[in-house]
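Here's entry-v3.txt, which has compact mmCIF, C-alpha atoms:
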# COMPACT_ATOMS: atom_id res chain seq x y z
CA ARG A 1 -22.19 0.68 8.17
CA LYS A 2 -22.28 1.22 4.41
CA GLU A 3 -19.87 3.78 3.04
CA VAL A 4 -22.57 5.46 0.95
CA GLU A 5 -26.09 5.61 2.37
CA GLN A 6 -29.28 6.41 0.50
CA ASP A 7 -32.97 6.17 1.27
CA PRO A 8 -34.13 3.26 -0.93
CA GLY A 9 -37.59 4.78 -1.45
CA PRO A 10 -39.64 4.35 -3.49
CA PHE A 11 -40.52 7.99 -3.87
CA ASN A 12 -43.92 8.24 -5.55
CA VAL A 13 -44.20 11.72 -7.03
CA PRO A 14 -46.82 13.31 -9.32
CA GLU A 15 -45.67 14.52 -12.70
CA GLY A 16 -44.54 18.14 -12.57
CA ALA A 17 -43.55 18.06 -8.92
CA THR A 18 -40.12 18.73 -7.48
CA VAL A 19 -38.30 15.89 -5.75
CA ALA A 20 -35.07 15.82 -3.78
CA PHE A 21 -32.79 12.91 -2.89
CA ASN A 22 -30.08 12.88 -0.32
CA CYS A 23 -27.03 10.74 0.18
CA THR A 24 -24.41 10.62 2.92
CA TYR A 25 -20.90 9.20 2.71
CA SER A 26 -18.68 8.13 5.56
CA ASN A 27 -15.15 8.50 4.21
CA SER A 28 -13.91 12.07 4.51
CA ALA A 29 -11.14 11.22 2.02
CA SER A 30 -13.69 10.83 -0.77
CA GLN A 31 -12.63 12.95 -3.71
CA SER A 32 -15.20 12.81 -6.48
CA PHE A 33 -18.96 12.56 -6.35
CA PHE A 34 -21.57 11.58 -8.89
CA TRP A 35 -25.20 10.80 -9.46
CA TYR A 36 -25.91 7.88 -11.78
CA ARG A 37 -29.27 6.85 -13.14
CA GLN A 38 -30.24 3.23 -13.70
CA ASP A 39 -33.36 2.12 -15.52
CA CYS A 40 -34.83 -1.29 -14.78
CA ARG A 41 -32.54 -4.08 -16.02
CA LYS A 42 -30.22 -1.61 -17.70
CA GLU A 43 -26.71 -0.40 -17.01
CA PRO A 44 -26.06 2.66 -14.83
CA LYS A 45 -25.44 5.88 -16.70
CA LEU A 46 -23.78 9.02 -15.43
CA LEU A 47 -26.36 11.71 -14.74
CA MET A 48 -24.04 14.38 -13.40
CA SER A 49 -20.92 15.05 -11.39
CA VAL A 50 -21.32 16.90 -8.11
CA TYR A 51 -19.20 19.87 -7.07
CA SER A 52 -19.00 21.89 -3.87
CA SER A 53 -20.12 24.96 -5.73
CA GLY A 54 -23.25 23.14 -6.86
CA ASN A 55 -24.05 22.43 -10.45
CA GLU A 56 -27.15 22.50 -12.57
CA ASP A 57 -28.06 20.68 -15.76
CA GLY A 58 -31.49 21.64 -17.00
CA ARG A 59 -34.06 20.44 -14.48
CA PHE A 60 -31.40 18.73 -12.35
CA THR A 61 -29.37 20.38 -9.59
CA ALA A 62 -26.69 18.63 -7.56
CA GLN A 63 -25.01 19.88 -4.42
CA LEU A 64 -22.12 18.68 -2.28
CA ASN A 65 -21.58 19.57 1.37
CA ARG A 66 -18.13 18.30 2.35
CA ALA A 67 -18.41 19.42 5.96
CA SER A 68 -21.54 17.33 6.47
CA GLN A 69 -20.47 14.63 3.99
CA TYR A 70 -23.79 14.99 2.23
CA ILE A 71 -24.79 15.00 -1.44
CA SER A 72 -28.14 16.03 -2.85
CA LEU A 73 -30.00 15.84 -6.15
CA LEU A 74 -33.00 18.01 -6.96
CA ILE A 75 -35.28 17.31 -9.91
CA ARG A 76 -37.67 20.06 -10.91
CA ASP A 77 -40.78 19.71 -13.08
CA SER A 78 -40.48 15.92 -12.98
CA LYS A 79 -41.36 13.92 -16.10
CA LEU A 80 -42.65 10.38 -16.44
CA SER A 81 -39.30 9.54 -18.06
CA ASP A 82 -37.49 10.48 -14.84
CA SER A 83 -38.75 7.26 -13.26
CA ALA A 84 -35.62 5.25 -12.48
CA THR A 85 -33.24 4.38 -9.67
CA TYR A 86 -30.81 7.14 -8.76
CA LEU A 87 -27.45 6.01 -7.49
CA CYS A 88 -25.11 8.11 -5.39
CA VAL A 89 -21.45 7.33 -6.12
CA VAL A 90 -18.13 8.47 -4.63
CA THR A 91 -14.49 7.77 -5.39
CA HIS A 92 -11.30 7.97 -3.38
CA SER A 93 -7.81 8.46 -4.76
CA ASN A 94 -8.10 5.38 -6.95
CA TYR A 95 -10.68 4.88 -9.65
CA GLN A 96 -13.03 2.57 -7.79
CA LEU A 97 -16.60 3.77 -7.84
CA ILE A 98 -18.25 3.24 -4.45
CA TRP A 99 -21.99 2.96 -4.80
CA GLY A 100 -25.02 3.62 -2.72
CA ALA A 101 -27.84 1.10 -3.03
CA GLY A 102 -29.96 3.61 -4.94
CA THR A 103 -33.20 5.51 -4.49
CA LYS A 104 -36.14 4.41 -6.58
CA LEU A 105 -38.23 7.20 -8.09
CA ILE A 106 -41.67 6.65 -9.60
CA ILE A 107 -43.30 9.55 -11.38
CA LYS A 108 -47.08 9.19 -11.63
CA PRO A 109 -49.24 10.88 -14.29
CA GLU B 27 -18.98 5.06 -31.66
CA ALA B 28 -19.69 1.61 -30.24
CA GLY B 29 -20.19 1.42 -26.50
CA VAL B 30 -19.02 -1.18 -24.02
CA THR B 31 -20.32 -4.60 -24.96
CA GLN B 32 -20.66 -7.68 -22.79
CA PHE B 33 -21.30 -11.31 -23.59
CA PRO B 34 -23.39 -13.22 -22.75
CA SER B 35 -26.32 -11.10 -21.65
CA HIS B 36 -27.62 -13.95 -19.49
CA SER B 37 -26.07 -17.14 -18.20
CA VAL B 38 -27.71 -19.86 -16.15
CA ILE B 39 -25.38 -22.53 -14.77
CA GLU B 40 -25.35 -25.09 -12.03
CA LYS B 41 -23.31 -24.84 -8.88
CA GLY B 42 -19.82 -26.15 -9.50
CA GLN B 43 -19.73 -25.29 -13.17
CA THR B 44 -17.46 -22.73 -14.81
CA VAL B 45 -18.60 -19.56 -16.53
CA THR B 46 -16.59 -17.01 -18.50
CA LEU B 47 -17.89 -13.50 -19.03
CA ARG B 48 -16.49 -11.25 -21.72
CA CYS B 49 -16.22 -7.48 -21.95
CA ASP B 50 -15.21 -5.39 -24.95
CA PRO B 51 -14.43 -1.84 -23.86
CA ILE B 52 -14.80 1.29 -25.94
CA SER B 53 -11.96 1.41 -28.45
CA GLY B 54 -8.99 3.34 -27.13
CA HIS B 55 -10.00 3.15 -23.47
CA ASP B 56 -7.03 1.99 -21.42
CA ASN B 57 -9.03 1.57 -18.21
CA LEU B 58 -11.37 -1.38 -17.80
CA TYR B 59 -13.35 -2.18 -14.67
CA TRP B 60 -15.49 -5.02 -13.45
CA TYR B 61 -18.34 -4.47 -10.99
CA ARG B 62 -21.01 -6.76 -9.59
CA ARG B 63 -24.49 -6.26 -8.18
CA VAL B 64 -25.82 -9.08 -6.07
CA MET B 65 -29.59 -9.14 -5.56
CA GLY B 66 -30.72 -6.57 -3.03
CA LYS B 67 -27.27 -5.08 -2.57
CA GLU B 68 -25.36 -2.14 -3.97
CA ILE B 69 -23.03 -2.37 -6.96
CA LYS B 70 -19.53 -3.32 -5.81
CA PHE B 71 -16.14 -2.89 -7.46
CA LEU B 72 -14.26 -6.03 -8.39
CA LEU B 73 -11.14 -4.92 -10.21
CA HIS B 74 -9.48 -2.39 -12.49
CA PHE B 75 -7.16 -2.94 -15.46
CA VAL B 76 -4.91 -0.35 -17.01
CA LYS B 77 -4.22 -1.78 -20.42
CA GLU B 78 -3.24 -5.40 -19.70
CA SER B 79 -2.12 -4.84 -16.11
CA LYS B 80 -4.24 -5.32 -13.01
CA GLN B 81 -4.15 -1.97 -11.27
CA ASP B 82 -6.42 -2.87 -8.39
CA GLU B 83 -8.05 -6.21 -7.66
CA SER B 84 -9.01 -5.48 -4.08
CA GLY B 85 -12.67 -6.16 -4.74
CA MET B 86 -12.31 -9.71 -6.05
CA PRO B 87 -14.26 -11.87 -3.58
CA ASN B 88 -12.05 -14.96 -3.61
CA ASN B 89 -9.74 -17.06 -5.76
CA ARG B 90 -12.62 -18.61 -7.66
CA PHE B 91 -12.67 -15.43 -9.71
CA LEU B 92 -10.01 -14.85 -12.37
CA ALA B 93 -9.89 -11.80 -14.62
CA GLU B 94 -7.65 -11.37 -17.62
CA ARG B 95 -7.08 -8.72 -20.25
CA THR B 96 -4.58 -10.16 -22.67
CA GLY B 97 -3.25 -7.58 -25.12
CA GLY B 98 -5.02 -4.81 -23.30
CA THR B 99 -8.19 -5.06 -25.37
CA TYR B 100 -11.11 -7.20 -24.27
CA SER B 101 -11.32 -8.75 -20.83
CA THR B 102 -12.68 -12.00 -19.47
CA LEU B 103 -13.91 -12.81 -15.99
CA LYS B 104 -14.00 -16.50 -15.15
CA VAL B 105 -15.78 -17.99 -12.18
CA GLN B 106 -14.64 -21.51 -11.35
CA PRO B 107 -16.32 -23.27 -9.66
CA ALA B 108 -19.46 -21.15 -9.43
CA GLU B 109 -21.35 -20.98 -6.14
CA LEU B 110 -24.94 -19.90 -5.45
CA GLU B 111 -23.82 -16.58 -3.96
CA ASP B 112 -22.12 -15.64 -7.24
CA SER B 113 -25.52 -14.95 -8.80
CA GLY B 114 -25.98 -11.33 -9.78
CA VAL B 115 -25.36 -8.85 -12.55
CA TYR B 116 -21.76 -8.34 -13.63
CA PHE B 117 -21.04 -4.97 -15.19
CA CYS B 118 -17.99 -3.96 -17.13
CA ALA B 119 -16.99 -0.33 -17.62
CA SER B 120 -14.24 1.49 -19.44
CA SER B 121 -12.71 4.94 -19.34
CA GLN B 122 -9.98 6.92 -20.98
CA GLY B 123 -6.49 7.26 -19.56
CA THR B 124 -4.88 8.54 -16.42
CA PRO B 125 -4.07 10.51 -14.39
CA THR B 126 -7.29 12.33 -13.66
CA TYR B 127 -10.61 10.64 -13.17
CA ASN B 128 -12.57 10.13 -16.37
CA GLU B 129 -16.18 9.06 -16.76
CA GLN B 130 -16.67 5.32 -16.70
CA PHE B 131 -19.01 4.04 -19.40
CA PHE B 132 -20.88 0.88 -18.54
CA GLY B 133 -21.85 -2.13 -20.57
CA PRO B 134 -25.34 -3.65 -20.36
CA GLY B 135 -24.18 -6.30 -17.89
CA THR B 136 -24.25 -10.08 -17.77
CA ARG B 137 -26.97 -11.53 -15.58
CA LEU B 138 -25.56 -14.70 -13.97
CA THR B 139 -27.80 -17.21 -12.25
CA VAL B 140 -26.21 -20.11 -10.39
CA LEU B 141 -28.65 -22.91 -9.54
Rewrite the coordinates I just gave you, this time as structure tokens.
Amino acid sequence: RKEVEQDPGPFNVPEGATVAFNCTYSNSASQSFFWYRQDCRKEPKLLMSVYSSGNEDGRFTAQLNRASQYISLLIRDSKLSDSATYLCVVTHSNYQLIWGAGTKLIIKP
Amino acid sequence: EAGVTQFPSHSVIEKGQTVTLRCDPISGHDNLYWYRRVMGKEIKFLLHFVKESKQDESGMPNNRFLAERTGGTYSTLKVQPAELEDSGVYFCASSQGTPTYNEQFFGPGTRLTVL
């Protein structure tokens, strides 16, 4: 079983819609949680960190549920430029990033 | 400020040959990481340097892979001899110092194809 699980998609969503991704992790000792975005043939870039209290950055909202070992990302009012692969990432006590395989999002006009 | 750079961007070699990948981290970043994404799989950690010292090399697949960071600046990752399953994208990342976690900034990657 993979340590970080994501639905690979693709999610085909019309522009302006709201879309949500989920991710589960298996190691209860995981300490930090992130969403990264990766465009085709590019490097991954940090989208946002995820906290238990939930955090929001513009149209993006991330939430962590430690009890269920579940992380979510909500994108409101989706734009064509949001099309990308979204990667769920966790760390333990060291600095290794442990990656999910990613969820592909396609925003259609 | 210059980001993380990697060279080459692409490399095509034959099985059994040697390839050396280079990473130049962001200036002043003590932490340097190597990751790899094999086709169809998730990105996986290879190793972590703090300055010139290997902090964690638990992700290195086997002894055909050798990473160095002489002088604590740039790093090289050598694969010798390369096998077909080594094909993939090799990413380097860097971050500022310890002890708390700091954002890792990624380079554009080196796409390695072993024929």
If we count only C-alpha atoms, which residues of chain A reach to within 10 Å of chain B? Please list them as a PyMOL selection string.
chain A and resi 2+4+31-32+34+41-46+49+87+89+91+93-102
Which neighbours of stretch 28-32 of chain B fall inside 6 Å, counting all atoms listed in the file, when residues of the same chain fewer than 6 positions from it are skipped, and could you give them as a tab-separated table (two decimals) with C-alpha atoms, in the coordinates of the input?
chain	number	residue	atom	x	y	z
B	48	ARG	CA	-16.49	-11.25	-21.72
B	49	CYS	CA	-16.22	-7.48	-21.95
B	50	ASP	CA	-15.21	-5.39	-24.95
B	51	PRO	CA	-14.43	-1.84	-23.86
B	52	ILE	CA	-14.80	1.29	-25.94
B	133	GLY	CA	-21.85	-2.13	-20.57
Per residue of stretch 5-58 of chain A within 10 Å of stretch 73-85 of chain A, which atom pair is closest and at what distance in Å (one decimal), using all atoms listed in the file, listed by chain and increasing number, as a Markdown table?
| residue | atom | partner | partner_atom | distance |
| --- | --- | --- | --- | --- |
| A:Pro8 | CA | A:Thr85 | CA | 8.9 |
| A:Gly9 | CA | A:Thr85 | CA | 9.3 |
| A:Pro10 | CA | A:Thr85 | CA | 8.9 |
| A:Phe11 | CA | A:Ser83 | CA | 9.6 |
| A:Asn12 | CA | A:Ser83 | CA | 9.3 |
| A:Val13 | CA | A:Ser78 | CA | 8.2 |
| A:Pro14 | CA | A:Ser78 | CA | 7.8 |
| A:Glu15 | CA | A:Ser78 | CA | 5.4 |
| A:Gly16 | CA | A:Asp77 | CA | 4.1 |
| A:Ala17 | CA | A:Asp77 | CA | 5.3 |
| A:Thr18 | CA | A:Arg76 | CA | 4.4 |
| A:Val19 | CA | A:Ile75 | CA | 5.3 |
| A:Ala20 | CA | A:Leu74 | CA | 4.4 |
| A:Phe21 | CA | A:Leu73 | CA | 5.2 |
| A:Asn22 | CA | A:Leu73 | CA | 6.5 |
| A:Cys23 | CA | A:Leu73 | CA | 8.7 |
| A:Phe34 | CA | A:Leu73 | CA | 9.8 |
| A:Trp35 | CA | A:Leu73 | CA | 7.7 |
| A:Tyr36 | CA | A:Thr85 | CA | 8.4 |
| A:Arg37 | CA | A:Thr85 | CA | 5.8 |
| A:Gln38 | CA | A:Thr85 | CA | 5.2 |
| A:Asp39 | CA | A:Ala84 | CA | 4.9 |
| A:Cys40 | CA | A:Ala84 | CA | 7.0 |
| A:Pro44 | CA | A:Thr85 | CA | 9.0 |
| A:Met48 | CA | A:Leu73 | CA | 9.5 |
| A:Val50 | CA | A:Leu73 | CA | 9.0 |
| A:Gly54 | CA | A:Leu73 | CA | 10.0 |
| A:Asn55 | CA | A:Leu73 | CA | 9.9 |
| A:Glu56 | CA | A:Leu74 | CA | 9.3 |
| A:Asp57 | CA | A:Ile75 | CA | 9.9 |
| A:Gly58 | CA | A:Arg76 | CA | 8.8 |
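Rounded to one decimal, atom CA of B:Gly123 and atom CA of B:Tyr100 lie 15.9 Å from each other.
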Which neighbours of A:Asn27 fall inside 9 Å, counting only C-alpha atoms, when residues of the same chain fewer than 4 positions from it are skipped, and could you give them as a VMD selection string?
chain A and resid 3 to 4 69 92
Atomic separation - atom CA of A:Ser30 relative to atom CA of A:Ser72, Å
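Between atom CA of A:Ser72 and atom CA of A:Ser30 the gap works out to 15.5 Å.
Ranking B:Ser113, B:Ser35, B:Gln106, B:Gln122 by their shortest atom-to-atom distance to B:Asn88, with only C-alpha atoms included, puts B:Gln106 first.
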Quote the spacing between atom CA of B:Phe33 and atom CA of B:Val64 in Å to one decimal place.
18.2 Å
If you count all atoms listed in the file, which residues fall within 8 Å of B:Asp112, apart from same-chain ones fewer than 4 positions away, as a PyMOL selection string?
chain B and resi 64+108+138-140
Looking at A:Ala29, A:Lys108, A:Arg1, A:Thr103, which one is nearest to A:Arg66, with distances taken over all atoms listed in the file?
A:Ala29
I need the residue nearest A:Gln6 from this list: A:Ala62, A:Ala67, A:Cys88, A:Leu47. Use only C-alpha atoms for the distance.
A:Cys88
Mind filling out stretch 7-18 of chain A with all heavy atoms and sending it as a PDB file, in the frame of the given file?
ATOM      1  N   ASP A   7     -31.623   6.645   0.984  1.00  0.00           N
ATOM      2  CA  ASP A   7     -32.970   6.170   1.270  1.00  0.00           C
ATOM      3  C   ASP A   7     -33.416   5.355   0.059  1.00  0.00           C
ATOM      4  O   ASP A   7     -33.430   5.871  -1.050  1.00  0.00           O
ATOM      5  CB  ASP A   7     -33.889   7.375   1.481  1.00  0.00           C
ATOM      6  CG  ASP A   7     -35.320   6.986   1.815  1.00  0.00           C
ATOM      7  OD1 ASP A   7     -35.716   5.831   1.532  1.00  0.00           O
ATOM      8  OD2 ASP A   7     -36.044   7.839   2.340  1.00  0.00           O
ATOM      9  N   PRO A   8     -33.785   4.091   0.242  1.00  0.00           N
ATOM     10  CA  PRO A   8     -34.130   3.260  -0.930  1.00  0.00           C
ATOM     11  C   PRO A   8     -35.438   3.653  -1.609  1.00  0.00           C
ATOM     12  O   PRO A   8     -35.687   3.273  -2.756  1.00  0.00           O
ATOM     13  CB  PRO A   8     -34.222   1.853  -0.333  1.00  0.00           C
ATOM     14  CG  PRO A   8     -34.523   2.065   1.102  1.00  0.00           C
ATOM     15  CD  PRO A   8     -33.827   3.333   1.499  1.00  0.00           C
ATOM     16  N   GLY A   9     -36.294   4.412  -0.882  1.00  0.00           N
ATOM     17  CA  GLY A   9     -37.590   4.780  -1.450  1.00  0.00           C
ATOM     18  C   GLY A   9     -38.532   3.573  -1.402  1.00  0.00           C
ATOM     19  O   GLY A   9     -38.389   2.708  -0.546  1.00  0.00           O
ATOM     20  N   PRO A  10     -39.506   3.458  -2.334  1.00  0.00           N
ATOM     21  CA  PRO A  10     -39.640   4.350  -3.490  1.00  0.00           C
ATOM     22  C   PRO A  10     -40.266   5.692  -3.149  1.00  0.00           C
ATOM     23  O   PRO A  10     -41.047   5.800  -2.213  1.00  0.00           O
ATOM     24  CB  PRO A  10     -40.544   3.560  -4.431  1.00  0.00           C
ATOM     25  CG  PRO A  10     -41.371   2.720  -3.520  1.00  0.00           C
ATOM     26  CD  PRO A  10     -40.498   2.381  -2.347  1.00  0.00           C
ATOM     27  N   PHE A  11     -39.896   6.684  -3.929  1.00  0.00           N
ATOM     28  CA  PHE A  11     -40.520   7.990  -3.870  1.00  0.00           C
ATOM     29  C   PHE A  11     -41.580   7.997  -4.977  1.00  0.00           C
ATOM     30  O   PHE A  11     -41.250   7.854  -6.148  1.00  0.00           O
ATOM     31  CB  PHE A  11     -39.505   9.102  -4.144  1.00  0.00           C
ATOM     32  CG  PHE A  11     -38.579   9.395  -3.003  1.00  0.00           C
ATOM     33  CD1 PHE A  11     -37.929   8.395  -2.306  1.00  0.00           C
ATOM     34  CD2 PHE A  11     -38.330  10.705  -2.616  1.00  0.00           C
ATOM     35  CE1 PHE A  11     -37.065   8.680  -1.259  1.00  0.00           C
ATOM     36  CE2 PHE A  11     -37.472  11.005  -1.574  1.00  0.00           C
ATOM     37  CZ  PHE A  11     -36.838   9.993  -0.889  1.00  0.00           C
ATOM     38  N   ASN A  12     -42.828   8.141  -4.579  1.00  0.00           N
ATOM     39  CA  ASN A  12     -43.920   8.240  -5.550  1.00  0.00           C
ATOM     40  C   ASN A  12     -44.306   9.710  -5.675  1.00  0.00           C
ATOM     41  O   ASN A  12     -44.788  10.313  -4.709  1.00  0.00           O
ATOM     42  CB  ASN A  12     -45.121   7.415  -5.081  1.00  0.00           C
ATOM     43  CG  ASN A  12     -44.842   5.930  -5.179  1.00  0.00           C
ATOM     44  OD1 ASN A  12     -44.866   5.347  -6.255  1.00  0.00           O
ATOM     45  ND2 ASN A  12     -44.543   5.308  -4.047  1.00  0.00           N
ATOM     46  N   VAL A  13     -44.089  10.276  -6.855  1.00  0.00           N
ATOM     47  CA  VAL A  13     -44.200  11.720  -7.030  1.00  0.00           C
ATOM     48  C   VAL A  13     -45.085  12.016  -8.242  1.00  0.00           C
ATOM     49  O   VAL A  13     -44.934  11.373  -9.293  1.00  0.00           O
ATOM     50  CB  VAL A  13     -42.791  12.317  -7.254  1.00  0.00           C
ATOM     51  CG1 VAL A  13     -42.848  13.772  -7.599  1.00  0.00           C
ATOM     52  CG2 VAL A  13     -41.935  12.090  -6.009  1.00  0.00           C
ATOM     53  N   PRO A  14     -46.016  12.965  -8.134  1.00  0.00           N
ATOM     54  CA  PRO A  14     -46.820  13.310  -9.320  1.00  0.00           C
ATOM     55  C   PRO A  14     -45.997  14.054 -10.349  1.00  0.00           C
ATOM     56  O   PRO A  14     -45.074  14.822 -10.004  1.00  0.00           O
ATOM     57  CB  PRO A  14     -47.928  14.197  -8.739  1.00  0.00           C
ATOM     58  CG  PRO A  14     -47.350  14.767  -7.488  1.00  0.00           C
ATOM     59  CD  PRO A  14     -46.410  13.732  -6.947  1.00  0.00           C
ATOM     60  N   GLU A  15     -46.343  13.839 -11.590  1.00  0.00           N
ATOM     61  CA  GLU A  15     -45.670  14.520 -12.700  1.00  0.00           C
ATOM     62  C   GLU A  15     -45.729  16.032 -12.479  1.00  0.00           C
ATOM     63  O   GLU A  15     -46.757  16.581 -12.074  1.00  0.00           O
ATOM     64  CB  GLU A  15     -46.393  14.157 -14.002  1.00  0.00           C
ATOM     65  CG  GLU A  15     -45.676  14.545 -15.257  1.00  0.00           C
ATOM     66  CD  GLU A  15     -46.417  14.036 -16.497  1.00  0.00           C
ATOM     67  OE1 GLU A  15     -47.542  13.531 -16.349  1.00  0.00           O
ATOM     68  OE2 GLU A  15     -45.857  14.167 -17.593  1.00  0.00           O
ATOM     69  N   GLY A  16     -44.602  16.688 -12.732  1.00  0.00           N
ATOM     70  CA  GLY A  16     -44.540  18.140 -12.570  1.00  0.00           C
ATOM     71  C   GLY A  16     -44.047  18.594 -11.216  1.00  0.00           C
ATOM     72  O   GLY A  16     -43.676  19.768 -11.044  1.00  0.00           O
ATOM     73  N   ALA A  17     -43.998  17.690 -10.263  1.00  0.00           N
ATOM     74  CA  ALA A  17     -43.550  18.060  -8.920  1.00  0.00           C
ATOM     75  C   ALA A  17     -42.027  18.138  -8.861  1.00  0.00           C
ATOM     76  O   ALA A  17     -41.320  17.717  -9.781  1.00  0.00           O
ATOM     77  CB  ALA A  17     -44.048  17.038  -7.900  1.00  0.00           C
ATOM     78  N   THR A  18     -41.555  18.691  -7.764  1.00  0.00           N
ATOM     79  CA  THR A  18     -40.120  18.730  -7.480  1.00  0.00           C
ATOM     80  C   THR A  18     -39.796  17.660  -6.454  1.00  0.00           C
ATOM     81  O   THR A  18     -40.547  17.473  -5.490  1.00  0.00           O
ATOM     82  CB  THR A  18     -39.729  20.114  -6.940  1.00  0.00           C
ATOM     83  OG1 THR A  18     -39.942  21.092  -7.965  1.00  0.00           O
ATOM     84  CG2 THR A  18     -38.254  20.145  -6.532  1.00  0.00           C
TER      85      THR A  18
END
